[in-house]
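*Asks:* My structure is in model_30.cif, and what it holds is mmCIF, C-alpha atoms; chains and numbers go by the auth columns:
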data_upload
#
loop_
_atom_site.group_PDB
_atom_site.id
_atom_site.type_symbol
_atom_site.label_atom_id
_atom_site.label_comp_id
_atom_site.label_asym_id
_atom_site.label_seq_id
_atom_site.Cartn_x
_atom_site.Cartn_y
_atom_site.Cartn_z
_atom_site.B_iso_or_equiv
_atom_site.auth_seq_id
_atom_site.auth_asym_id
ATOM 1 C CA MET A 1 10.265 18.025 9.641 0.00 1 A
ATOM 2 C CA ARG A 2 12.021 15.465 11.792 0.00 2 A
ATOM 3 C CA PRO A 3 14.427 13.135 9.924 0.00 3 A
ATOM 4 C CA ALA A 4 12.535 10.011 11.052 0.00 4 A
ATOM 5 C CA ILE A 5 9.268 11.325 9.614 0.00 5 A
ATOM 6 C CA ALA A 6 10.997 12.361 6.392 0.00 6 A
ATOM 7 C CA ALA A 7 12.475 8.857 6.094 0.00 7 A
ATOM 8 C CA GLU A 8 9.072 7.232 6.590 0.00 8 A
ATOM 9 C CA PHE A 9 7.419 9.486 4.017 0.00 9 A
ATOM 10 C CA ALA A 10 10.251 8.791 1.560 0.00 10 A
ATOM 11 C CA ALA A 11 9.710 5.050 2.001 0.00 11 A
ATOM 12 C CA TRP A 12 5.996 5.494 1.256 0.00 12 A
ATOM 13 C CA PHE A 13 6.660 7.476 -1.905 0.00 13 A
ATOM 14 C CA LYS A 14 9.355 5.021 -3.004 0.00 14 A
ATOM 15 C CA ALA A 15 6.961 2.092 -2.504 0.00 15 A
ATOM 16 C CA LEU A 16 4.483 3.770 -4.841 0.00 16 A
ATOM 17 C CA ALA A 17 7.113 4.680 -7.434 0.00 17 A
ATOM 18 C CA ASP A 18 6.394 1.568 -9.508 0.00 18 A
ATOM 19 C CA PRO A 19 3.446 1.184 -11.894 0.00 19 A
ATOM 20 C CA THR A 20 2.778 -2.430 -10.883 0.00 20 A
ATOM 21 C CA ARG A 21 2.657 -1.504 -7.199 0.00 21 A
ATOM 22 C CA ILE A 22 0.202 1.285 -8.032 0.00 22 A
ATOM 23 C CA GLN A 23 -1.919 -1.301 -9.890 0.00 23 A
ATOM 24 C CA ILE A 24 -1.835 -3.649 -6.894 0.00 24 A
ATOM 25 C CA VAL A 25 -2.805 -0.942 -4.394 0.00 25 A
ATOM 26 C CA SER A 26 -5.592 0.256 -6.678 0.00 26 A
ATOM 27 C CA LEU A 27 -6.853 -3.288 -7.237 0.00 27 A
ATOM 28 C CA LEU A 28 -6.970 -4.100 -3.537 0.00 28 A
ATOM 29 C CA ALA A 29 -8.545 -0.750 -2.664 0.00 29 A
ATOM 30 C CA ARG A 30 -11.268 -1.145 -5.298 0.00 30 A
ATOM 31 C CA ARG A 31 -11.884 -4.799 -4.439 0.00 31 A
ATOM 32 C CA GLY A 32 -12.314 -4.071 -0.747 0.00 32 A
ATOM 33 C CA THR A 33 -11.718 -7.683 0.254 0.00 33 A
ATOM 34 C CA PRO A 34 -8.495 -9.646 0.742 0.00 34 A
ATOM 35 C CA MET A 35 -6.993 -11.332 -2.304 0.00 35 A
ATOM 36 C CA ASN A 36 -4.433 -14.105 -2.530 0.00 36 A
ATOM 37 C CA VAL A 37 -1.299 -13.904 -4.655 0.00 37 A
ATOM 38 C CA GLY A 38 -2.816 -15.971 -7.473 0.00 38 A
ATOM 39 C CA GLU A 39 -5.800 -13.642 -7.758 0.00 39 A
ATOM 40 C CA ILE A 40 -3.528 -10.598 -7.795 0.00 40 A
ATOM 41 C CA VAL A 41 -1.258 -12.186 -10.437 0.00 41 A
ATOM 42 C CA ALA A 42 -4.253 -12.859 -12.683 0.00 42 A
ATOM 43 C CA ALA A 43 -5.553 -9.315 -12.286 0.00 43 A
ATOM 44 C CA VAL A 44 -2.304 -7.440 -12.954 0.00 44 A
ATOM 45 C CA ASP A 45 -0.922 -9.892 -15.544 0.00 45 A
ATOM 46 C CA VAL A 46 2.562 -10.042 -14.018 0.00 46 A
ATOM 47 C CA VAL A 47 4.413 -13.224 -13.044 0.00 47 A
ATOM 48 C CA GLN A 48 3.996 -14.532 -9.500 0.00 48 A
ATOM 49 C CA SER A 49 7.582 -13.957 -8.395 0.00 49 A
ATOM 50 C CA THR A 50 7.411 -10.293 -9.425 0.00 50 A
ATOM 51 C CA VAL A 51 4.036 -9.771 -7.730 0.00 51 A
ATOM 52 C CA SER A 52 5.426 -11.359 -4.554 0.00 52 A
ATOM 53 C CA VAL A 53 8.331 -8.882 -4.505 0.00 53 A
ATOM 54 C CA HIS A 54 5.931 -5.969 -4.981 0.00 54 A
ATOM 55 C CA LEU A 55 3.643 -7.256 -2.210 0.00 55 A
ATOM 56 C CA LYS A 56 6.636 -7.483 0.119 0.00 56 A
ATOM 57 C CA VAL A 57 7.608 -3.861 -0.591 0.00 57 A
ATOM 58 C CA LEU A 58 4.055 -2.648 -0.008 0.00 58 A
ATOM 59 C CA ALA A 59 3.726 -4.667 3.201 0.00 59 A
ATOM 60 C CA GLU A 60 7.054 -3.327 4.520 0.00 60 A
ATOM 61 C CA VAL A 61 5.697 0.239 4.437 0.00 61 A
ATOM 62 C CA ARG A 62 2.390 -1.002 5.883 0.00 62 A
ATOM 63 C CA PHE A 63 0.216 -0.117 2.878 0.00 63 A
ATOM 64 C CA LEU A 64 -0.842 -3.778 2.860 0.00 64 A
ATOM 65 C CA LEU A 65 -1.630 -6.256 5.593 0.00 65 A
ATOM 66 C CA SER A 66 -1.307 -10.003 5.117 0.00 66 A
ATOM 67 C CA GLU A 67 -3.182 -12.914 6.605 0.00 67 A
ATOM 68 C CA HIS A 68 -2.250 -16.580 6.274 0.00 68 A
ATOM 69 C CA ARG A 69 -5.102 -18.979 5.524 0.00 69 A
ATOM 70 C CA GLY A 70 -3.837 -22.507 5.210 0.00 70 A
ATOM 71 C CA THR A 71 -1.114 -22.436 2.564 0.00 71 A
ATOM 72 C CA ALA A 72 -2.282 -19.157 0.993 0.00 72 A
ATOM 73 C CA THR A 73 -1.519 -15.599 2.022 0.00 73 A
ATOM 74 C CA TYR A 74 -4.226 -12.980 1.536 0.00 74 A
ATOM 75 C CA TYR A 75 -3.440 -9.288 1.198 0.00 75 A
ATOM 76 C CA ARG A 76 -5.641 -6.294 1.926 0.00 76 A
ATOM 77 C CA ILE A 77 -5.278 -2.543 2.134 0.00 77 A
ATOM 78 C CA ASN A 78 -4.225 -1.155 5.502 0.00 78 A
ATOM 79 C CA ASP A 79 -6.813 1.612 5.680 0.00 79 A
ATOM 80 C CA ALA A 80 -5.113 3.294 8.657 0.00 80 A
ATOM 81 C CA CYS A 81 -1.864 3.733 6.735 0.00 81 A
ATOM 82 C CA VAL A 82 -3.422 4.680 3.426 0.00 82 A
ATOM 83 C CA ASP A 83 -5.635 7.264 5.152 0.00 83 A
ATOM 84 C CA CYS A 84 -2.442 9.021 6.319 0.00 84 A
ATOM 85 C CA PHE A 85 -0.940 9.209 2.843 0.00 85 A
ATOM 86 C CA PRO A 86 -2.700 12.393 1.605 0.00 86 A
ATOM 87 C CA THR A 87 -1.696 14.129 4.824 0.00 87 A
ATOM 88 C CA ALA A 88 1.917 13.064 4.262 0.00 88 A
ATOM 89 C CA ALA A 89 1.837 14.582 0.778 0.00 89 A
ATOM 90 C CA ASP A 90 0.415 17.825 2.171 0.00 90 A
ATOM 91 C CA ILE A 91 3.105 18.010 4.847 0.00 91 A
ATOM 92 C CA VAL A 92 5.901 17.379 2.346 0.00 92 A
ATOM 93 C CA MET A 93 4.511 20.073 0.031 0.00 93 A
ATOM 94 C CA GLY A 94 4.248 22.567 2.899 0.00 94 A
ATOM 95 C CA ARG A 95 0.450 22.728 2.745 0.00 95 A
ATOM 96 C CA PRO A 96 -1.787 22.861 5.800 0.00 96 A
ATOM 97 C CA VAL A 97 -2.710 19.435 7.091 0.00 97 A
ATOM 98 C CA PRO A 98 -6.288 18.656 6.027 0.00 98 A
ATOM 99 C CA VAL A 99 -8.869 18.468 8.789 0.00 99 A
ATOM 100 C CA PRO A 100 -10.522 15.023 8.879 0.00 100 A
ATOM 101 C CA ALA A 101 -14.210 14.980 7.998 0.00 101 A
ATOM 102 C CA GLN A 102 -16.514 14.617 10.964 0.00 102 A
ATOM 103 C CA SER A 103 -18.713 11.524 10.972 0.00 103 A
#
So, in terms of structure tokens, how does the structure I just supplied come out?
*Replies:*
Amino acid sequence: MRPAIAAEFAAWFKALADPTRIQIVSLLARRGTPMNVGEIVAAVDVVQSTVSVHLKVLAEVRFLLSEHRGTATYYRINDACVDCFPTAADIVMGRPVPVPAQS
């Protein structure tokens, strides 16, 4: 495995190594529509400043995408990045890369 790929995978795993970040990713994935910080704070019951830090970490590894609407920022799952995550886990574990399902 090339060092650059290993570094990217490590950043992904590190971003998910926090229970609140797992809650946020799960919330946004289940919701399926963008949510603003206030909505996320209410759902995960963590203070706004902490949620903002977690959102920044998740956005830095591209698990989340953000969109500004007026004074609010809305976050949503980056499906392209999250779709790659199981493959990354397989590669790290030395398993064959799964073949994508045909549509």
*Asks:* Convert the output of the PyMOL selection byres ((chain A and resi 49-65) around 7) on the shown file into explicit residues, formatted as a ChimeraX atom specification.
*Replies:* /A:11-12,15,21,41,46-48,66-67,75-78,81-82
*Asks:* What does the distance from CA of Ile40 in chain A to CA of Ala7 in chain A come to in Å, to one decimal?
*Replies:*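 For CA of Ile40 in chain A relative to CA of Ala7 in chain A, the distance reads 28.8 Å.
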*Asks:* Please determine, counting all atoms listed in the file, which residue among A:Asn36, A:Ala29, A:Ala43, A:Ala10 has the shortest atom-to-atom distance to Gly70 in chain A.
*Replies:*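 That would be A:Asn36, the residue with the smallest distance to Gly70 in chain A.
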*Asks:* Which distance in Å separates CA of Leu28 in chain A and CA of Arg69 in chain A, to one decimal?
*Replies:*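 Atom-to-atom, CA of Leu28 in chain A and CA of Arg69 in chain A are spaced 17.5 Å apart.
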